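S.K.: Quick one: the structure is below, questions incoming.
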Amino acid sequence: MLSSRPARVPGRALAVALFAALLGALLPATAAHAASRTVQGGRLDWGIKSSFQSYVTGPVAHGSWSLTGGAATVGGSQFRFHSATGSYDPATGAFSAGFSGGVRFVGHRKADGGNELDLAISRPTVRITGGRGTLHADMVSKERGTGRVTSAAQVPLATLGLSGIDMRGGTTPLALTNVPATLTTQGAKAFAGYYTAGTPLDPISLFVDTSAPAGKPDTGASPGKSDDKAGKAKKTEKTEKTEKAAGRVEDAAVDWGVRRTFREYVTGSVGKGGWTLADGAQDGGALFRFPRGKGTYDPKKQTLDARFAGSVRFTGADGLDLELSSVAVRVTDGKGTLSADVRGDGEPKKAVPLVTFAAKDFAPKNGVAVLTEAPATLTADGAGAFGSLYKAGTAMDPVSLAVAVDRGAELPALPDLGSDPAPSPSPTKKTTTAASAPDTGSDAGSRTGLYLGAGGAGVLAVAAGAFHLARRRGASQQNS
């Protein structure tokens with residue numbers, strides 16, 4: 001039977017049509033979100049256990065900790081692991097991301113020079129599936145009491161408290177802040193018996209970039225003798241190219257963080273400052289990269305004489321103003337010297353030898369000569385450049401070098417910290433947990449939250465609002 005009040009139909013028809021149109025616009029976005037994504041770039045900030053850090057460096061253990069693999073510090077008690085790689089499925093919320101870098105704790109020094117406490121944690125990996133999360137890590141530890149050294153890869157070290165967080169439907173970037181972590185049974189064993197299973201560890205915060213996975217390239221040819229010949233031809237061509245390039249630097253970079261405690265002083269409560277990079281220098285978190293090296297390199301003698309682009313300038317509220325530029329490195333007889341032009345207190349100085357380091361194995365492999373994290377020592381001239389803040393002989397941050405002698409060779413990648421964080425317009429949560437974007441500085445916030453791209457949520461809100469407005473208009477027509 002037809003309605004006896006046709007005046008209502010246009011309002012309802014308009015509402016249904018508008019809602020359907022907007023919902024249709026939403027569906028492609030939802031389908032796009034459902035595609036599995038690749039995690040590429042990002043960082044994990046974790047203090048492991050702050051009280052353990054205090055114990056190691058305190059009056060009982062008289063120890064210390066050191067960073068490896070490009071790990072950095074952030075704030076007063078957090079370590080920053082970098083270069084996230086992995087995968088994320090927005091449809092199910094499954095997430096896996098591995099990070100680079102490590103930290104080693106030593107303490108209770110023995111008469112023979114060894115340490116009773118010796119614990120290294122590296123390559124942390126966060127895995128989340130079915131609403132449950134675990135942090136894994138490579139661990140090398142000396143067992144408390146017995147001194148037995150154990151080494152294990154990807155130990156399930158801590159369970160993550162994900163209550164109230166829905167991992168589904170995220171875009172990029174993706175962030176978790178201050179997620180509670182609890183020591184597992186396996187983790188307690190790998191932790192050398194210092195803590196029991198169930199002990200709360202420091203919370204973790206991570207921030208990663210995701211992208212749609214790229215398709216696999218088509219090689220276009222099947223294996224066979226012709227491919228073998230082509231491969232040999234390419235190897236011959238590569239060998240000839242390397243030989244022609246001998247003595248000439250095709251590309252080079254030097255990585256140096258100056259000194260970790262100096263950076264912390266600059267940005268801390270006393271210095272209240274920071275640093276700026278110019279002329280191509282890059283910030284890798286725990287180090288600065290000075291790129292575009294030019295000069296000469298002898299692969300037989302393993303000697304190098306090269307200059308690099310970029311500069312770094314440190315400034316602080318206490319009057320600090322120190323700039324290092326025109327960085328140069330010379331390697332000969334297994335020893336290296338890093339120098340730079342220095343502008344600070346007094347007259348600017350050219351080519352000041354700042355640190356020396358060992359460079360005994362600096363031969364090229366696959367067209368690249370690499371020196372990784374060589375311990376560096378401050379020179380007398382370097383001490384003067386720092387205004388006598390440090391004495392000659394002080395340990396500075398290690399030096400890493402990469403010199404390409406083959407035009408097609410690639411230098412090691414700079415630590416990838418991911419995108420700069422920005423507030424997410426619509427975090428996805430199962431509870432009313434408050435959320436804000438993580439800080440790149442010292443404080444990641446005191447609230448746990450998952451930050452996901454809003455995607456079609458805004459469209460859906462508009463659709464719901466338009467539908468409600470159309471219903472009101474229909475009701476007004478009915479009442480008039």
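Going by the structure tokens order, chains are called A, B, ..., each with residues numbered from 1, while ligands are numbered from 1 in the order shown.
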Among the residues of stretch 172-348 of chain A, find those DSSP assigns to strand (DSSP E) from the backbone and print them as a tab-separated table (two decimals) with N, CA, C and O atoms, in the first residue's frame.
M.R.:
```
chain	number	residue	atom	x	y	z
A	174	LEU	N	52.94	4.57	12.24
A	174	LEU	CA	52.30	3.79	13.29
A	174	LEU	C	53.12	3.94	14.57
A	174	LEU	O	54.35	3.85	14.53
A	175	ALA	N	52.47	4.21	15.69
A	175	ALA	CA	53.21	4.43	16.93
A	175	ALA	C	52.52	3.81	18.13
A	175	ALA	O	51.30	3.76	18.21
A	176	LEU	N	53.33	3.32	19.04
A	176	LEU	CA	52.88	2.85	20.34
A	176	LEU	C	53.71	3.57	21.39
A	176	LEU	O	54.94	3.67	21.24
A	177	THR	N	53.11	4.08	22.44
A	177	THR	CA	53.89	4.77	23.46
A	177	THR	C	53.63	4.21	24.85
A	177	THR	O	52.51	3.87	25.20
A	178	ASN	N	54.72	4.08	25.59
A	178	ASN	CA	54.68	3.64	26.99
A	178	ASN	C	53.87	2.37	27.20
A	178	ASN	O	53.00	2.30	28.07
A	179	VAL	N	54.16	1.37	26.40
A	179	VAL	CA	53.49	0.07	26.54
A	179	VAL	C	54.18	-0.72	27.65
A	179	VAL	O	55.39	-0.94	27.62
A	180	PRO	N	53.44	-1.16	28.67
A	180	PRO	CA	54.05	-1.92	29.78
A	180	PRO	C	54.73	-3.19	29.27
A	180	PRO	O	54.23	-3.86	28.38
A	181	ALA	N	55.88	-3.51	29.88
A	181	ALA	CA	56.63	-4.72	29.53
A	181	ALA	C	56.94	-5.51	30.79
A	181	ALA	O	57.32	-4.93	31.82
A	182	THR	N	56.77	-6.83	30.71
A	182	THR	CA	56.99	-7.70	31.86
A	182	THR	C	57.94	-8.83	31.49
A	182	THR	O	57.78	-9.46	30.44
A	183	LEU	N	58.92	-9.08	32.32
A	183	LEU	CA	59.94	-10.10	32.05
A	183	LEU	C	59.33	-11.49	31.97
A	183	LEU	O	58.54	-11.88	32.84
A	200	PRO	N	58.38	-6.27	36.41
A	200	PRO	CA	58.10	-5.21	35.43
A	200	PRO	C	59.40	-4.61	34.89
A	200	PRO	O	60.32	-4.31	35.66
A	201	LEU	N	59.47	-4.46	33.59
A	201	LEU	CA	60.58	-3.78	32.94
A	201	LEU	C	60.11	-2.38	32.55
A	201	LEU	O	58.95	-2.03	32.75
A	202	ASP	N	61.01	-1.57	32.00
A	202	ASP	CA	60.60	-0.25	31.53
A	202	ASP	C	59.63	-0.39	30.36
A	202	ASP	O	59.76	-1.33	29.56
A	203	PRO	N	58.66	0.52	30.23
A	203	PRO	CA	57.75	0.46	29.08
A	203	PRO	C	58.48	0.78	27.78
A	203	PRO	O	59.53	1.42	27.78
A	204	ILE	N	57.91	0.34	26.67
A	204	ILE	CA	58.51	0.59	25.37
A	204	ILE	C	57.67	1.61	24.60
A	204	ILE	O	56.46	1.74	24.81
A	205	SER	N	58.33	2.33	23.71
A	205	SER	CA	57.66	3.21	22.76
A	205	SER	C	58.28	2.99	21.40
A	205	SER	O	59.51	2.85	21.28
A	206	LEU	N	57.45	2.91	20.38
A	206	LEU	CA	57.98	2.73	19.03
A	206	LEU	C	57.23	3.63	18.06
A	206	LEU	O	56.08	3.99	18.28
A	207	PHE	N	57.90	3.94	16.97
A	207	PHE	CA	57.34	4.80	15.93
A	207	PHE	C	57.91	4.33	14.62
A	207	PHE	O	59.13	4.39	14.39
A	208	VAL	N	57.06	3.79	13.71
A	208	VAL	CA	57.56	3.20	12.47
A	208	VAL	C	56.77	3.72	11.26
A	208	VAL	O	55.61	4.10	11.37
A	209	ASP	N	57.44	3.70	10.12
A	209	ASP	CA	56.80	4.01	8.85
A	209	ASP	C	56.37	2.72	8.18
A	209	ASP	O	57.05	1.69	8.30
A	210	THR	N	55.24	2.76	7.49
A	210	THR	CA	54.79	1.60	6.74
A	210	THR	C	54.47	2.01	5.31
A	210	THR	O	54.13	3.16	5.04
A	211	SER	N	54.59	1.05	4.39
A	211	SER	CA	54.28	1.31	2.99
A	211	SER	C	53.80	0.03	2.35
A	211	SER	O	54.07	-1.08	2.83
A	247	GLY	N	92.74	3.67	-6.23
A	247	GLY	CA	93.41	4.92	-5.96
A	247	GLY	C	92.47	6.10	-5.96
A	247	GLY	O	92.82	7.16	-5.43
A	248	ARG	N	91.29	5.94	-6.56
A	248	ARG	CA	90.34	7.04	-6.60
A	248	ARG	C	89.13	6.70	-5.73
A	248	ARG	O	88.62	5.59	-5.77
A	251	ASP	N	83.06	7.40	-3.80
A	251	ASP	CA	82.16	7.99	-2.81
A	251	ASP	C	82.65	7.55	-1.44
A	251	ASP	O	83.31	6.51	-1.30
A	252	ALA	N	82.36	8.34	-0.44
A	252	ALA	CA	82.79	7.98	0.91
A	252	ALA	C	81.98	8.74	1.93
A	252	ALA	O	81.39	9.79	1.65
A	253	ALA	N	81.93	8.21	3.14
A	253	ALA	CA	81.24	8.86	4.24
A	253	ALA	C	81.94	8.50	5.54
A	253	ALA	O	82.49	7.40	5.68
A	254	VAL	N	81.93	9.42	6.48
A	254	VAL	CA	82.45	9.15	7.81
A	254	VAL	C	81.33	9.44	8.81
A	254	VAL	O	80.65	10.46	8.72
A	255	ASP	N	81.13	8.52	9.75
A	255	ASP	CA	80.10	8.65	10.79
A	255	ASP	C	80.80	8.85	12.13
A	255	ASP	O	81.65	8.05	12.53
A	256	TRP	N	80.39	9.91	12.83
A	256	TRP	CA	81.00	10.21	14.13
A	256	TRP	C	80.01	11.00	14.97
A	256	TRP	O	79.45	11.99	14.50
A	274	GLY	N	71.15	22.70	21.55
A	274	GLY	CA	70.98	21.68	20.52
A	274	GLY	C	72.05	21.83	19.47
A	274	GLY	O	73.09	22.46	19.69
A	275	TRP	N	71.80	21.24	18.32
A	275	TRP	CA	72.76	21.36	17.22
A	275	TRP	C	72.02	21.50	15.90
A	275	TRP	O	70.87	21.10	15.76
A	276	THR	N	72.70	22.08	14.94
A	276	THR	CA	72.17	22.22	13.59
A	276	THR	C	73.18	21.66	12.61
A	276	THR	O	74.40	21.80	12.79
A	277	LEU	N	72.66	21.01	11.59
A	277	LEU	CA	73.49	20.42	10.54
A	277	LEU	C	73.36	21.23	9.27
A	277	LEU	O	72.29	21.77	8.98
A	278	ALA	N	74.45	21.32	8.51
A	278	ALA	CA	74.42	22.10	7.27
A	278	ALA	C	75.31	21.44	6.22
A	278	ALA	O	76.11	20.54	6.53
A	282	GLN	N	74.20	14.70	7.95
A	282	GLN	CA	72.97	14.01	8.31
A	282	GLN	C	73.03	13.53	9.75
A	282	GLN	O	74.09	13.20	10.27
A	283	ASP	N	71.85	13.47	10.38
A	283	ASP	CA	71.73	13.03	11.77
A	283	ASP	C	71.24	11.59	11.81
A	283	ASP	O	70.14	11.30	11.33
A	288	PHE	N	76.64	11.57	13.55
A	288	PHE	CA	76.46	12.48	12.42
A	288	PHE	C	77.20	11.89	11.23
A	288	PHE	O	78.33	11.40	11.39
A	289	ARG	N	76.58	11.95	10.08
A	289	ARG	CA	77.24	11.47	8.86
A	289	ARG	C	77.71	12.65	8.03
A	289	ARG	O	76.92	13.54	7.70
A	290	PHE	N	78.99	12.63	7.70
A	290	PHE	CA	79.58	13.61	6.80
A	290	PHE	C	79.80	12.90	5.47
A	290	PHE	O	80.66	12.02	5.38
A	294	LYS	N	85.74	12.89	-0.91
A	294	LYS	CA	86.59	12.92	-2.10
A	294	LYS	C	88.05	12.86	-1.66
A	294	LYS	O	88.44	13.48	-0.67
A	295	GLY	N	88.86	12.13	-2.45
A	295	GLY	CA	90.26	12.03	-2.12
A	295	GLY	C	90.89	10.82	-2.76
A	295	GLY	O	90.46	10.38	-3.84
A	296	THR	N	91.88	10.25	-2.12
A	296	THR	CA	92.58	9.09	-2.66
A	296	THR	C	92.58	7.95	-1.64
A	296	THR	O	92.62	8.18	-0.43
A	297	TYR	N	92.57	6.73	-2.17
A	297	TYR	CA	92.59	5.53	-1.33
A	297	TYR	C	93.43	4.48	-2.03
A	297	TYR	O	93.26	4.22	-3.23
A	298	ASP	N	94.35	3.86	-1.30
A	298	ASP	CA	95.20	2.80	-1.84
A	298	ASP	C	94.76	1.48	-1.21
A	298	ASP	O	95.01	1.26	-0.01
A	303	THR	N	95.57	2.91	2.71
A	303	THR	CA	95.74	4.30	3.12
A	303	THR	C	94.62	5.15	2.53
A	303	THR	O	94.10	4.85	1.46
A	304	LEU	N	94.26	6.19	3.24
A	304	LEU	CA	93.18	7.08	2.80
A	304	LEU	C	93.53	8.52	3.14
A	304	LEU	O	94.07	8.81	4.20
A	305	ASP	N	93.21	9.41	2.21
A	305	ASP	CA	93.31	10.84	2.45
A	305	ASP	C	92.08	11.47	1.80
A	305	ASP	O	92.01	11.59	0.58
A	306	ALA	N	91.09	11.82	2.61
A	306	ALA	CA	89.81	12.26	2.05
A	306	ALA	C	89.21	13.40	2.87
A	306	ALA	O	89.42	13.49	4.09
A	307	ARG	N	88.45	14.25	2.18
A	307	ARG	CA	87.69	15.33	2.82
A	307	ARG	C	86.20	15.08	2.59
A	307	ARG	O	85.81	14.51	1.56
A	311	SER	N	78.61	20.04	8.03
A	311	SER	CA	79.08	20.67	9.26
A	311	SER	C	78.05	20.47	10.35
A	311	SER	O	76.87	20.24	10.08
A	312	VAL	N	78.49	20.56	11.61
A	312	VAL	CA	77.60	20.49	12.76
A	312	VAL	C	77.96	21.62	13.70
A	312	VAL	O	79.14	21.88	13.97
A	313	ARG	N	76.93	22.31	14.20
A	313	ARG	CA	77.15	23.43	15.11
A	313	ARG	C	76.37	23.21	16.39
A	313	ARG	O	75.14	23.04	16.37
A	314	PHE	N	77.08	23.20	17.52
A	314	PHE	CA	76.47	23.01	18.83
A	314	PHE	C	76.32	24.38	19.50
A	314	PHE	O	77.27	25.17	19.56
A	315	THR	N	75.14	24.65	20.03
A	315	THR	CA	74.91	25.89	20.75
A	315	THR	C	74.16	25.59	22.04
A	315	THR	O	73.41	24.61	22.13
A	321	ASP	N	79.09	27.64	21.79
A	321	ASP	CA	78.92	27.82	20.35
A	321	ASP	C	80.15	27.21	19.68
A	321	ASP	O	81.22	27.82	19.62
A	322	LEU	N	79.98	25.99	19.21
A	322	LEU	CA	81.09	25.24	18.63
A	322	LEU	C	80.66	24.64	17.30
A	322	LEU	O	79.67	23.91	17.23
A	323	GLU	N	81.40	24.95	16.24
A	323	GLU	CA	81.08	24.42	14.92
A	323	GLU	C	82.26	23.62	14.37
A	323	GLU	O	83.41	24.07	14.42
A	324	LEU	N	81.95	22.42	13.85
A	324	LEU	CA	82.94	21.57	13.20
A	324	LEU	C	82.57	21.45	11.73
A	324	LEU	O	81.43	21.09	11.40
A	325	SER	N	83.49	21.73	10.85
A	325	SER	CA	83.22	21.66	9.41
A	325	SER	C	84.47	21.17	8.68
A	325	SER	O	85.54	21.01	9.29
A	326	SER	N	84.32	20.96	7.36
A	326	SER	CA	85.45	20.50	6.53
A	326	SER	C	86.15	19.30	7.17
A	326	SER	O	87.38	19.27	7.33
A	327	VAL	N	85.37	18.32	7.53
A	327	VAL	CA	85.90	17.12	8.17
A	327	VAL	C	86.80	16.37	7.19
A	327	VAL	O	86.46	16.19	6.01
A	328	ALA	N	87.93	15.92	7.67
A	328	ALA	CA	88.88	15.16	6.85
A	328	ALA	C	89.38	13.96	7.64
A	328	ALA	O	89.45	13.99	8.87
A	329	VAL	N	89.70	12.90	6.92
A	329	VAL	CA	90.22	11.68	7.54
A	329	VAL	C	91.46	11.23	6.79
A	329	VAL	O	91.48	11.17	5.55
A	330	ARG	N	92.50	10.90	7.54
A	330	ARG	CA	93.72	10.34	6.96
A	330	ARG	C	94.02	9.03	7.67
A	330	ARG	O	94.04	8.97	8.91
A	331	VAL	N	94.25	7.97	6.89
A	331	VAL	CA	94.57	6.66	7.43
A	331	VAL	C	95.89	6.20	6.82
A	331	VAL	O	96.06	6.21	5.59
A	332	THR	N	96.83	5.81	7.68
A	332	THR	CA	98.11	5.29	7.21
A	332	THR	C	98.71	4.41	8.30
A	332	THR	O	98.57	4.70	9.51
A	335	LYS	N	96.62	3.37	11.35
A	335	LYS	CA	96.13	4.39	12.28
A	335	LYS	C	95.40	5.49	11.51
A	335	LYS	O	95.78	5.84	10.40
A	336	GLY	N	94.35	6.02	12.13
A	336	GLY	CA	93.57	7.06	11.48
A	336	GLY	C	93.49	8.32	12.32
A	336	GLY	O	93.58	8.25	13.56
A	337	THR	N	93.33	9.45	11.64
A	337	THR	CA	93.15	10.74	12.32
A	337	THR	C	91.98	11.46	11.68
A	337	THR	O	91.91	11.57	10.44
A	338	LEU	N	91.05	11.92	12.48
A	338	LEU	CA	89.94	12.73	12.00
A	338	LEU	C	90.19	14.17	12.42
A	338	LEU	O	90.39	14.45	13.60
A	339	SER	N	90.16	15.07	11.44
A	339	SER	CA	90.38	16.48	11.71
A	339	SER	C	89.21	17.29	11.18
A	339	SER	O	88.39	16.80	10.39
A	340	ALA	N	89.14	18.55	11.58
A	340	ALA	CA	88.06	19.43	11.12
A	340	ALA	C	88.44	20.88	11.35
A	340	ALA	O	89.30	21.18	12.20
A	341	ASP	N	87.81	21.75	10.61
A	341	ASP	CA	87.92	23.18	10.90
A	341	ASP	C	87.05	23.45	12.12
A	341	ASP	O	85.91	22.96	12.22
A	342	VAL	N	87.55	24.24	13.05
A	342	VAL	CA	86.87	24.48	14.31
A	342	VAL	C	86.61	25.98	14.48
A	342	VAL	O	87.54	26.80	14.37
A	343	ARG	N	85.36	26.32	14.76
A	343	ARG	CA	85.02	27.70	15.09
A	343	ARG	C	84.32	27.71	16.44
A	343	ARG	O	83.27	27.12	16.61
```
S.K.: Just to confirm, what's the straight-line distance from atom CA of A:Pro415 to atom CA of A:Leu371 in Å (one decimal)?
M.R.: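 Rounded to one decimal, the two atoms are 15.9 Å apart.
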S.K.: Using only C-alpha atoms, which of A:Gly169, A:Gly113, A:Gly131, A:Gly70 sits nearest A:Ser36?
M.R.: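 So, comparing all the options, the nearest one is A:Gly169.
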S.K.: Mind checking which residues fall within 7 Å of A:Thr134, counting only C-alpha atoms, ignoring those fewer than 4 positions away in the same chain, and posting them as an mmCIF file with all heavy atoms, in the first residue's frame?
M.R.:
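Below is the file around21.cif, written as the result:
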```cif
data_model
loop_
_atom_site.group_PDB
_atom_site.id
_atom_site.type_symbol
_atom_site.label_atom_id
_atom_site.label_comp_id
_atom_site.auth_asym_id
_atom_site.auth_seq_id
_atom_site.Cartn_x
_atom_site.Cartn_y
_atom_site.Cartn_z
ATOM 1 N N VAL A 126 59.690 -6.480 18.040
ATOM 2 C CA VAL A 126 58.346 -6.481 18.618
ATOM 3 C C VAL A 126 57.420 -7.261 17.700
ATOM 4 O O VAL A 126 57.320 -6.954 16.504
ATOM 5 C CB VAL A 126 57.816 -5.043 18.803
ATOM 6 C CG1 VAL A 126 56.353 -5.061 19.240
ATOM 7 C CG2 VAL A 126 58.658 -4.301 19.837
ATOM 8 N N ARG A 127 56.740 -8.263 18.254
ATOM 9 C CA ARG A 127 55.791 -9.077 17.487
ATOM 10 C C ARG A 127 54.436 -9.028 18.195
ATOM 11 O O ARG A 127 54.345 -9.294 19.390
ATOM 12 C CB ARG A 127 56.269 -10.515 17.345
ATOM 13 C CG ARG A 127 57.579 -10.660 16.567
ATOM 14 C CD ARG A 127 57.870 -12.120 16.232
ATOM 15 N NE ARG A 127 59.078 -12.251 15.455
ATOM 16 C CZ ARG A 127 60.265 -12.631 15.942
ATOM 17 N NH1 ARG A 127 60.364 -12.925 17.225
ATOM 18 N NH2 ARG A 127 61.324 -12.720 15.173
ATOM 19 N N ILE A 128 53.398 -8.699 17.426
ATOM 20 C CA ILE A 128 52.039 -8.614 17.959
ATOM 21 C C ILE A 128 51.109 -9.421 17.068
ATOM 22 O O ILE A 128 51.102 -9.247 15.844
ATOM 23 C CB ILE A 128 51.555 -7.152 18.009
ATOM 24 C CG1 ILE A 128 52.455 -6.332 18.948
ATOM 25 C CG2 ILE A 128 50.106 -7.077 18.478
ATOM 26 C CD1 ILE A 128 52.154 -4.851 18.929
ATOM 27 N N PRO A 156 62.425 -14.507 23.666
ATOM 28 C CA PRO A 156 61.193 -13.797 24.056
ATOM 29 C C PRO A 156 61.397 -13.164 25.425
ATOM 30 O O PRO A 156 61.142 -13.785 26.454
ATOM 31 C CB PRO A 156 60.133 -14.905 24.073
ATOM 32 C CG PRO A 156 60.897 -16.180 24.237
ATOM 33 C CD PRO A 156 62.236 -15.967 23.600
ATOM 34 N N ALA A 158 60.202 -10.121 26.887
ATOM 35 C CA ALA A 158 59.153 -9.460 27.672
ATOM 36 C C ALA A 158 57.804 -9.576 26.983
ATOM 37 O O ALA A 158 57.715 -9.538 25.754
ATOM 38 C CB ALA A 158 59.506 -7.989 27.870
ATOM 39 N N THR A 159 56.760 -9.719 27.781
ATOM 40 C CA THR A 159 55.401 -9.638 27.254
ATOM 41 C C THR A 159 54.947 -8.179 27.335
ATOM 42 O O THR A 159 55.321 -7.448 28.258
ATOM 43 C CB THR A 159 54.433 -10.522 28.055
ATOM 44 O OG1 THR A 159 54.481 -10.133 29.440
ATOM 45 C CG2 THR A 159 54.809 -11.988 27.924
ATOM 46 N N LEU A 160 54.127 -7.773 26.381
ATOM 47 C CA LEU A 160 53.691 -6.391 26.288
ATOM 48 C C LEU A 160 52.229 -6.258 26.692
ATOM 49 O O LEU A 160 51.392 -7.068 26.277
ATOM 50 C CB LEU A 160 53.892 -5.872 24.862
ATOM 51 C CG LEU A 160 55.323 -5.983 24.306
ATOM 52 C CD1 LEU A 160 55.379 -5.476 22.872
ATOM 53 C CD2 LEU A 160 56.303 -5.217 25.189
#
```
S.K.: For A:Ala94, which residue among A:Arg168, A:Val399, A:Arg80, A:Lys49 is the nearest when counting only C-alpha atoms?
M.R.: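 Using only C-alpha atoms, A:Ala94 sits closest to A:Arg168.
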